[in-house]
file model-v5.cif (mmCIF, C-alpha atoms)
data_protein
loop_
_atom_site.group_PDB
_atom_site.id
_atom_site.type_symbol
_atom_site.label_atom_id
_atom_site.label_comp_id
_atom_site.auth_asym_id
_atom_site.auth_seq_id
_atom_site.Cartn_x
_atom_site.Cartn_y
_atom_site.Cartn_z
ATOM 1 C CA MET I 298 8.963 41.989 14.551
ATOM 2 C CA ALA I 299 9.163 39.949 17.700
ATOM 3 C CA LYS I 300 12.272 39.838 19.864
ATOM 4 C CA TYR I 301 13.682 36.535 21.158
ATOM 5 C CA SER I 302 16.313 36.235 23.872
ATOM 6 C CA PHE I 303 18.458 33.244 24.731
ATOM 7 C CA ARG I 304 22.041 32.341 25.585
ATOM 8 C CA VAL I 305 24.372 31.266 22.793
ATOM 9 C CA ASN I 306 27.759 29.898 23.793
ATOM 10 C CA ARG I 307 27.383 31.362 27.310
ATOM 11 C CA ARG I 308 26.532 34.831 25.969
ATOM 12 C CA ALA I 309 23.136 36.505 26.253
ATOM 13 C CA VAL I 310 21.730 37.454 22.856
ATOM 14 C CA SER I 311 18.517 38.935 21.525
ATOM 15 C CA VAL I 312 17.382 38.656 17.939
ATOM 16 C CA GLU I 313 14.397 39.929 16.045
ATOM 17 C CA SER I 314 12.447 37.705 13.706
ATOM 18 C CA TRP I 315 9.409 38.326 11.577
ATOM 19 C CA ASP I 316 8.445 34.648 11.922
ATOM 20 C CA PRO I 317 8.276 32.798 15.279
ATOM 21 C CA GLY I 318 8.679 29.559 13.308
ATOM 22 C CA GLN I 319 11.918 30.697 11.660
ATOM 23 C CA PRO I 320 14.461 27.868 11.994
ATOM 24 C CA LEU I 321 17.077 28.559 14.635
ATOM 25 C CA LEU I 322 19.684 27.429 12.087
ATOM 26 C CA TYR I 323 19.062 30.577 10.042
ATOM 27 C CA VAL I 324 19.239 32.810 13.096
ATOM 28 C CA LEU I 325 22.545 31.240 14.170
ATOM 29 C CA ARG I 326 24.102 31.502 10.710
ATOM 30 C CA ASN I 327 22.623 34.722 9.345
ATOM 31 C CA SER I 328 21.971 36.877 12.400
ATOM 32 C CA LEU I 329 24.725 35.691 14.749
ATOM 33 C CA GLY I 330 27.451 34.714 12.252
ATOM 34 C CA LEU I 331 27.899 31.194 13.653
ATOM 35 C CA HIS I 332 28.559 28.894 10.707
ATOM 36 C CA ALA I 333 29.486 25.517 12.223
ATOM 37 C CA ALA I 334 25.899 24.243 12.069
ATOM 38 C CA LYS I 335 25.282 23.482 8.405
ATOM 39 C CA PHE I 336 22.154 23.232 6.310
ATOM 40 C CA GLY I 337 22.033 19.624 5.228
ATOM 41 C CA CYS I 338 18.583 18.230 4.543
ATOM 42 C CA GLY I 339 16.273 20.736 6.234
ATOM 43 C CA LEU I 340 14.261 17.813 7.599
ATOM 44 C CA GLY I 341 16.195 16.972 10.772
ATOM 45 C CA GLN I 342 17.436 13.710 9.285
ATOM 46 C CA CYS I 343 21.135 14.245 8.571
ATOM 47 C CA GLY I 344 22.518 15.949 11.697
ATOM 48 C CA ALA I 345 24.620 18.597 9.929
ATOM 49 C CA CYS I 346 22.722 21.362 11.770
ATOM 50 C CA SER I 347 23.104 19.843 15.251
ATOM 51 C CA ILE I 348 23.498 22.073 18.290
ATOM 52 C CA LEU I 349 23.012 21.589 22.010
ATOM 53 C CA ILE I 350 19.936 23.028 23.690
ATOM 54 C CA ASP I 351 20.270 22.922 27.455
ATOM 55 C CA GLY I 352 23.012 20.298 26.963
ATOM 56 C CA LYS I 353 20.960 17.952 24.753
ATOM 57 C CA VAL I 354 21.588 17.494 21.056
ATOM 58 C CA ALA I 355 18.929 19.070 18.816
ATOM 59 C CA ARG I 356 18.453 19.831 15.137
ATOM 60 C CA SER I 357 18.548 23.580 14.578
ATOM 61 C CA CYS I 358 16.781 23.242 11.220
ATOM 62 C CA MET I 359 13.732 21.861 13.047
ATOM 63 C CA THR I 360 13.889 24.112 16.128
ATOM 64 C CA SER I 361 12.184 27.470 15.799
ATOM 65 C CA VAL I 362 13.588 30.699 17.163
ATOM 66 C CA GLN I 363 10.526 30.829 19.418
ATOM 67 C CA GLN I 364 11.291 27.365 20.844
ATOM 68 C CA ALA I 365 14.846 28.521 21.596
ATOM 69 C CA SER I 366 13.667 31.534 23.570
ATOM 70 C CA GLY I 367 14.981 31.479 27.133
ATOM 71 C CA ARG I 368 17.156 28.422 26.509
ATOM 72 C CA ALA I 369 20.926 27.809 26.549
ATOM 73 C CA ILE I 370 22.233 27.101 23.061
ATOM 74 C CA THR I 371 25.714 25.730 22.403
ATOM 75 C CA THR I 372 27.204 25.534 18.931
ATOM 76 C CA LEU I 373 30.466 23.949 17.880
ATOM 77 C CA GLU I 374 32.077 27.398 18.185
ATOM 78 C CA GLY I 375 31.143 27.413 21.875
ATOM 79 C CA LEU I 376 32.896 24.169 22.812
ATOM 80 C CA GLY I 377 36.542 25.163 22.612
ATOM 81 C CA THR I 378 39.075 27.301 20.818
ATOM 82 C CA PRO I 379 41.847 26.427 18.376
ATOM 83 C CA GLU I 380 44.314 26.977 21.225
ATOM 84 C CA LYS I 381 42.297 24.966 23.760
ATOM 85 C CA PRO I 382 39.860 22.624 22.034
ATOM 86 C CA ASP I 383 37.176 20.774 23.959
ATOM 87 C CA PRO I 384 38.212 17.142 24.657
ATOM 88 C CA ILE I 385 35.826 15.865 21.986
ATOM 89 C CA GLN I 386 37.271 18.302 19.445
ATOM 90 C CA ALA I 387 40.815 17.321 20.439
ATOM 91 C CA ALA I 388 39.926 13.644 20.044
ATOM 92 C CA PHE I 389 38.507 14.238 16.548
ATOM 93 C CA ILE I 390 41.751 15.997 15.625
ATOM 94 C CA ALA I 391 43.944 13.254 17.124
ATOM 95 C CA GLU I 392 41.997 10.505 15.365
ATOM 96 C CA GLN I 393 41.827 12.463 12.081
ATOM 97 C CA ALA I 394 38.091 11.831 12.134
ATOM 98 C CA ALA I 395 37.090 14.191 9.345
ATOM 99 C CA GLN I 396 37.393 13.921 5.611
ATOM 100 C CA CYS I 397 35.016 16.291 3.856
ATOM 101 C CA GLY I 398 33.962 17.591 7.279
ATOM 102 C CA TYR I 399 30.306 18.213 6.487
ATOM 103 C CA CYS I 400 29.055 15.776 9.141
ATOM 104 C CA THR I 401 31.681 16.726 11.713
ATOM 105 C CA ASN I 402 29.567 19.388 13.424
ATOM 106 C CA GLY I 403 26.698 16.952 13.967
ATOM 107 C CA MET I 404 28.939 14.109 15.044
ATOM 108 C CA ILE I 405 30.764 16.264 17.600
ATOM 109 C CA MET I 406 27.587 17.794 19.004
ATOM 110 C CA ALA I 407 25.895 14.381 19.317
ATOM 111 C CA ALA I 408 29.038 12.980 20.965
ATOM 112 C CA LYS I 409 29.213 15.932 23.367
ATOM 113 C CA SER I 410 25.604 15.332 24.384
ATOM 114 C CA LEU I 411 26.267 11.611 24.840
ATOM 115 C CA LEU I 412 29.368 12.194 26.955
ATOM 116 C CA GLY I 413 27.422 14.659 29.078
ATOM 117 C CA GLU I 414 25.017 11.839 29.946
ATOM 118 C CA THR I 415 27.307 8.800 29.873
ATOM 119 C CA ARG I 416 30.885 9.064 31.091
ATOM 120 C CA ASN I 417 32.150 5.756 29.707
ATOM 121 C CA PRO I 418 29.920 4.633 26.826
ATOM 122 C CA THR I 419 30.310 1.307 25.067
ATOM 123 C CA PRO I 420 31.069 1.304 21.336
ATOM 124 C CA GLU I 421 27.473 0.169 20.759
ATOM 125 C CA ARG I 422 26.112 3.113 22.777
ATOM 126 C CA VAL I 423 28.294 5.520 20.776
ATOM 127 C CA LYS I 424 27.009 4.055 17.512
ATOM 128 C CA GLN I 425 23.447 4.415 18.766
ATOM 129 C CA ALA I 426 23.995 8.051 19.796
ATOM 130 C CA LEU I 427 25.558 8.931 16.448
ATOM 131 C CA GLY I 428 23.098 6.886 14.403
ATOM 132 C CA GLY I 429 21.038 9.908 13.372
ATOM 133 C CA ASN I 430 24.017 11.604 11.712
ATOM 134 C CA LEU I 431 24.830 10.890 8.102
ATOM 135 C CA CYS I 432 28.432 10.673 6.922
ATOM 136 C CA ARG I 433 29.058 10.355 3.205
ATOM 137 C CA CYS I 434 32.819 9.872 3.449
ATOM 138 C CA GLY I 435 32.811 6.765 5.588
ATOM 139 C CA THR I 436 35.016 7.944 8.475
ATOM 140 C CA HIS I 437 32.797 6.070 10.913
ATOM 141 C CA THR I 438 35.596 4.006 12.463
ATOM 142 C CA ARG I 439 37.684 7.111 13.139
ATOM 143 C CA ILE I 440 34.686 8.944 14.549
ATOM 144 C CA LEU I 441 33.930 6.016 16.858
ATOM 145 C CA SER I 442 37.583 5.972 17.983
ATOM 146 C CA ALA I 443 37.484 9.729 18.605
ATOM 147 C CA VAL I 444 34.403 9.529 20.824
ATOM 148 C CA LEU I 445 35.848 6.640 22.823
ATOM 149 C CA ARG I 446 39.116 8.582 23.184
ATOM 150 C CA ALA I 447 37.256 11.653 24.437
ATOM 151 C CA ALA I 448 35.369 9.510 26.951
ATOM 152 C CA LYS I 449 38.719 8.580 28.505
ATOM 153 C CA ALA I 450 39.984 12.182 28.580
#
call {"tool": "encode", "arguments": {"input": "model-v5.cif", "output": "structure tokens"}}
result
Amino acid sequence: MAKYSFRVNRRAVSVESWDPGQPLLYVLRNSLGLHAAKFGCGLGQCGACSILIDGKVARSCMTSVQQASGRAITTLEGLGTPEKPDPIQAAFIAEQAAQCGYCTNGMIMAAKSLLGETRNPTPERVKQALGGNLCRCGTHTRILSAVLRAAKA
């Protein structure tokens, strides 16, 4: 087995994998016990598995453990705590921007990446940044309001 080292939520970790192409999603969930990133489609099309790699949103179902080696990975668990949520998490709570919650991880991670690049995005820019995330419940207006609220925080 090969050993892969990277940082997850500001903590150095090493994992062993029999397959260098193993999806990072499985390593995060099964080896590291981080369950915010969800398996959705397995094709990188829905956004449920979104994480940040070096501050940029990425699909963990399409990123191999080998590609993650030496990189900084942030999952939803690494953004804030229940006592002190990240501003984007706090905005999602304030706007009640989750119904079933399956897309929430991807929406928050994409929004975090956007706000890291653009301090005061327009509603159109937010829609564009979140466009690759599927939401079945239809909370899009609340999600948009949450991201715009976080941009002001």
call {"tool": "residues_around", "arguments": {"input": "model-v5.cif", "residues": "Ala333 (chain I)", "least_positions_apart": "2", "cutoff": "12 Å", "atoms": "only C-alpha atoms", "output": "VMD selection string"}}
result
chain I and resid 322 to 323 325 to 327 329 to 331 335 to 337 344 to 348 357 371 to 376 398 to 406
call {"tool": "closest_residue", "arguments": {"input": "model-v5.cif", "among": "I:Arg308, I:His332, I:Lys300, I:Arg446", "to": "Ala391 (chain I)", "atoms": "all atoms listed in the file"}}
result
I:Arg446
call {"tool": "residues_around", "arguments": {"input": "model-v5.cif", "residues": "Cys343 (chain I)", "least_positions_apart": "5", "cutoff": "8 Å", "atoms": "all atoms listed in the file", "output": "VMD selection string"}}
result
chain I and resid 337 to 338 429 to 431
call {"tool": "write_last_selection", "arguments": {"input": "model-v5.cif", "atoms": "C-alpha atoms", "output": "tab-separated table (two decimals), in the coordinates of the input"}}
result
chain	number	residue	atom	x	y	z
I	337	GLY	CA	22.03	19.62	5.23
I	338	CYS	CA	18.58	18.23	4.54
I	429	GLY	CA	21.04	9.91	13.37
I	430	ASN	CA	24.02	11.60	11.71
I	431	LEU	CA	24.83	10.89	8.10
call {"tool": "closest_residue", "arguments": {"input": "model-v5.cif", "among": "I:Ala355, I:Val324, I:Ala334, I:Ile385", "to": "Ala448 (chain I)", "atoms": "all atoms listed in the file"}}
result
I:Ile385
call {"tool": "atom_distance", "arguments": {"input": "model-v5.cif", "atom1": "CA of Ala394 (chain I)", "atom2": "CA of Ile440 (chain I)"}}
result
5.1 Å
call {"tool": "resolve_selection", "arguments": {"input": "model-v5.cif", "expression": "the PyMOL selection byres ((chain I and resi 316) around 12)", "output": "VMD selection string"}}
result
chain I and resid 298 to 301 312 to 315 317 to 321 323 to 324 361 to 364
call {"tool": "atom_distance", "arguments": {"input": "model-v5.cif", "atom1": "CA of Asn306 (chain I)", "atom2": "CA of Thr419 (chain I)"}}
result
28.7 Å
call {"tool": "closest_residue", "arguments": {"input": "model-v5.cif", "among": "I:Pro418, I:Lys409, I:Gln396, I:Asp351", "to": "Gly377 (chain I)", "atoms": "all atoms listed in the file"}}
result
I:Lys409
call {"tool": "residues_around", "arguments": {"input": "model-v5.cif", "residues": "region 411-415 of chain I", "least_positions_apart": "3", "cutoff": "8 Å", "atoms": "all atoms listed in the file", "output": "list of chain:residue names"}}
result
I:Gly352, I:Ala407, I:Ala408, I:Pro418, I:Val423, I:Ala426, I:Ala448
call {"tool": "atom_distance", "arguments": {"input": "model-v5.cif", "atom1": "CA of Lys381 (chain I)", "atom2": "CA of Val310 (chain I)"}}
result
24.1 Å
call {"tool": "residues_near_point", "arguments": {"input": "model-v5.cif", "point": "(38.4, 11.2, 24.6)", "cutoff": "8 Å", "atoms": "all atoms listed in the file", "output": "ChimeraX atom specification"}}
result
/I:384-385,387-388,443-450
call {"tool": "resolve_selection", "arguments": {"input": "model-v5.cif", "expression": "the PyMOL selection byres ((chain I and resi 434-438) around 8)", "output": "list in words"}}
result
Ala394, Ala395, Gln396, Cys397, Cys432, Arg433, Arg439, Ile440, Leu441 and Ser442 of chain I
call {"tool": "closest_residue", "arguments": {"input": "model-v5.cif", "among": "I:Ser311, I:Pro379, I:Ile350, I:Gly341", "to": "Ala365 (chain I)", "atoms": "all atoms listed in the file"}}
result
I:Ile350
call {"tool": "build_atoms", "arguments": {"input": "model-v5.cif", "residues": "region 329-343 of chain I", "atoms": "N, CA, C and O atoms", "output": "short mmCIF file (atom, residue, chain, number, x, y, z; two decimals), in the frame of the given file"}}
result
data_model
loop_
_atom_site.label_atom_id
_atom_site.label_comp_id
_atom_site.auth_asym_id
_atom_site.auth_seq_id
_atom_site.Cartn_x
_atom_site.Cartn_y
_atom_site.Cartn_z
N LEU I 329 23.66 35.74 13.75
CA LEU I 329 24.72 35.69 14.75
C LEU I 329 26.09 35.32 14.18
O LEU I 329 27.08 35.33 14.90
N GLY I 330 26.17 35.00 12.90
CA GLY I 330 27.45 34.71 12.25
C GLY I 330 28.12 33.43 12.72
O GLY I 330 29.34 33.31 12.63
N LEU I 331 27.35 32.48 13.20
CA LEU I 331 27.90 31.19 13.65
C LEU I 331 27.65 30.16 12.55
O LEU I 331 26.51 29.79 12.29
N HIS I 332 28.70 29.70 11.92
CA HIS I 332 28.56 28.89 10.71
C HIS I 332 28.90 27.42 10.85
O HIS I 332 28.93 26.69 9.86
N ALA I 333 29.15 26.94 12.06
CA ALA I 333 29.49 25.52 12.22
C ALA I 333 28.29 24.63 11.91
O ALA I 333 28.43 23.61 11.25
N ALA I 334 27.11 25.00 12.40
CA ALA I 334 25.90 24.24 12.07
C ALA I 334 25.60 24.48 10.60
O ALA I 334 25.51 25.62 10.15
N LYS I 335 25.46 23.40 9.86
CA LYS I 335 25.28 23.48 8.40
C LYS I 335 23.85 23.14 8.02
O LYS I 335 23.19 22.37 8.68
N PHE I 336 23.40 23.69 6.89
CA PHE I 336 22.15 23.23 6.31
C PHE I 336 22.48 21.96 5.55
O PHE I 336 23.34 21.95 4.68
N GLY I 337 21.82 20.89 5.91
CA GLY I 337 22.03 19.62 5.23
C GLY I 337 20.79 19.23 4.46
O GLY I 337 20.70 19.41 3.25
N CYS I 338 19.80 18.72 5.19
CA CYS I 338 18.58 18.23 4.54
C CYS I 338 17.38 19.12 4.81
O CYS I 338 16.41 19.08 4.06
N GLY I 339 17.41 19.90 5.88
CA GLY I 339 16.27 20.74 6.23
C GLY I 339 15.11 19.96 6.83
O GLY I 339 14.05 20.52 7.07
N LEU I 340 15.32 18.68 7.08
CA LEU I 340 14.26 17.81 7.60
C LEU I 340 14.62 17.16 8.93
O LEU I 340 13.90 16.30 9.41
N GLY I 341 15.77 17.55 9.50
CA GLY I 341 16.20 16.97 10.77
C GLY I 341 16.69 15.54 10.67
O GLY I 341 16.76 14.85 11.68
N GLN I 342 17.06 15.10 9.48
CA GLN I 342 17.44 13.71 9.28
C GLN I 342 18.93 13.46 9.15
O GLN I 342 19.38 12.34 9.32
N CYS I 343 19.72 14.49 8.86
CA CYS I 343 21.14 14.24 8.57
C CYS I 343 22.08 14.61 9.71
O CYS I 343 23.17 14.07 9.82
#
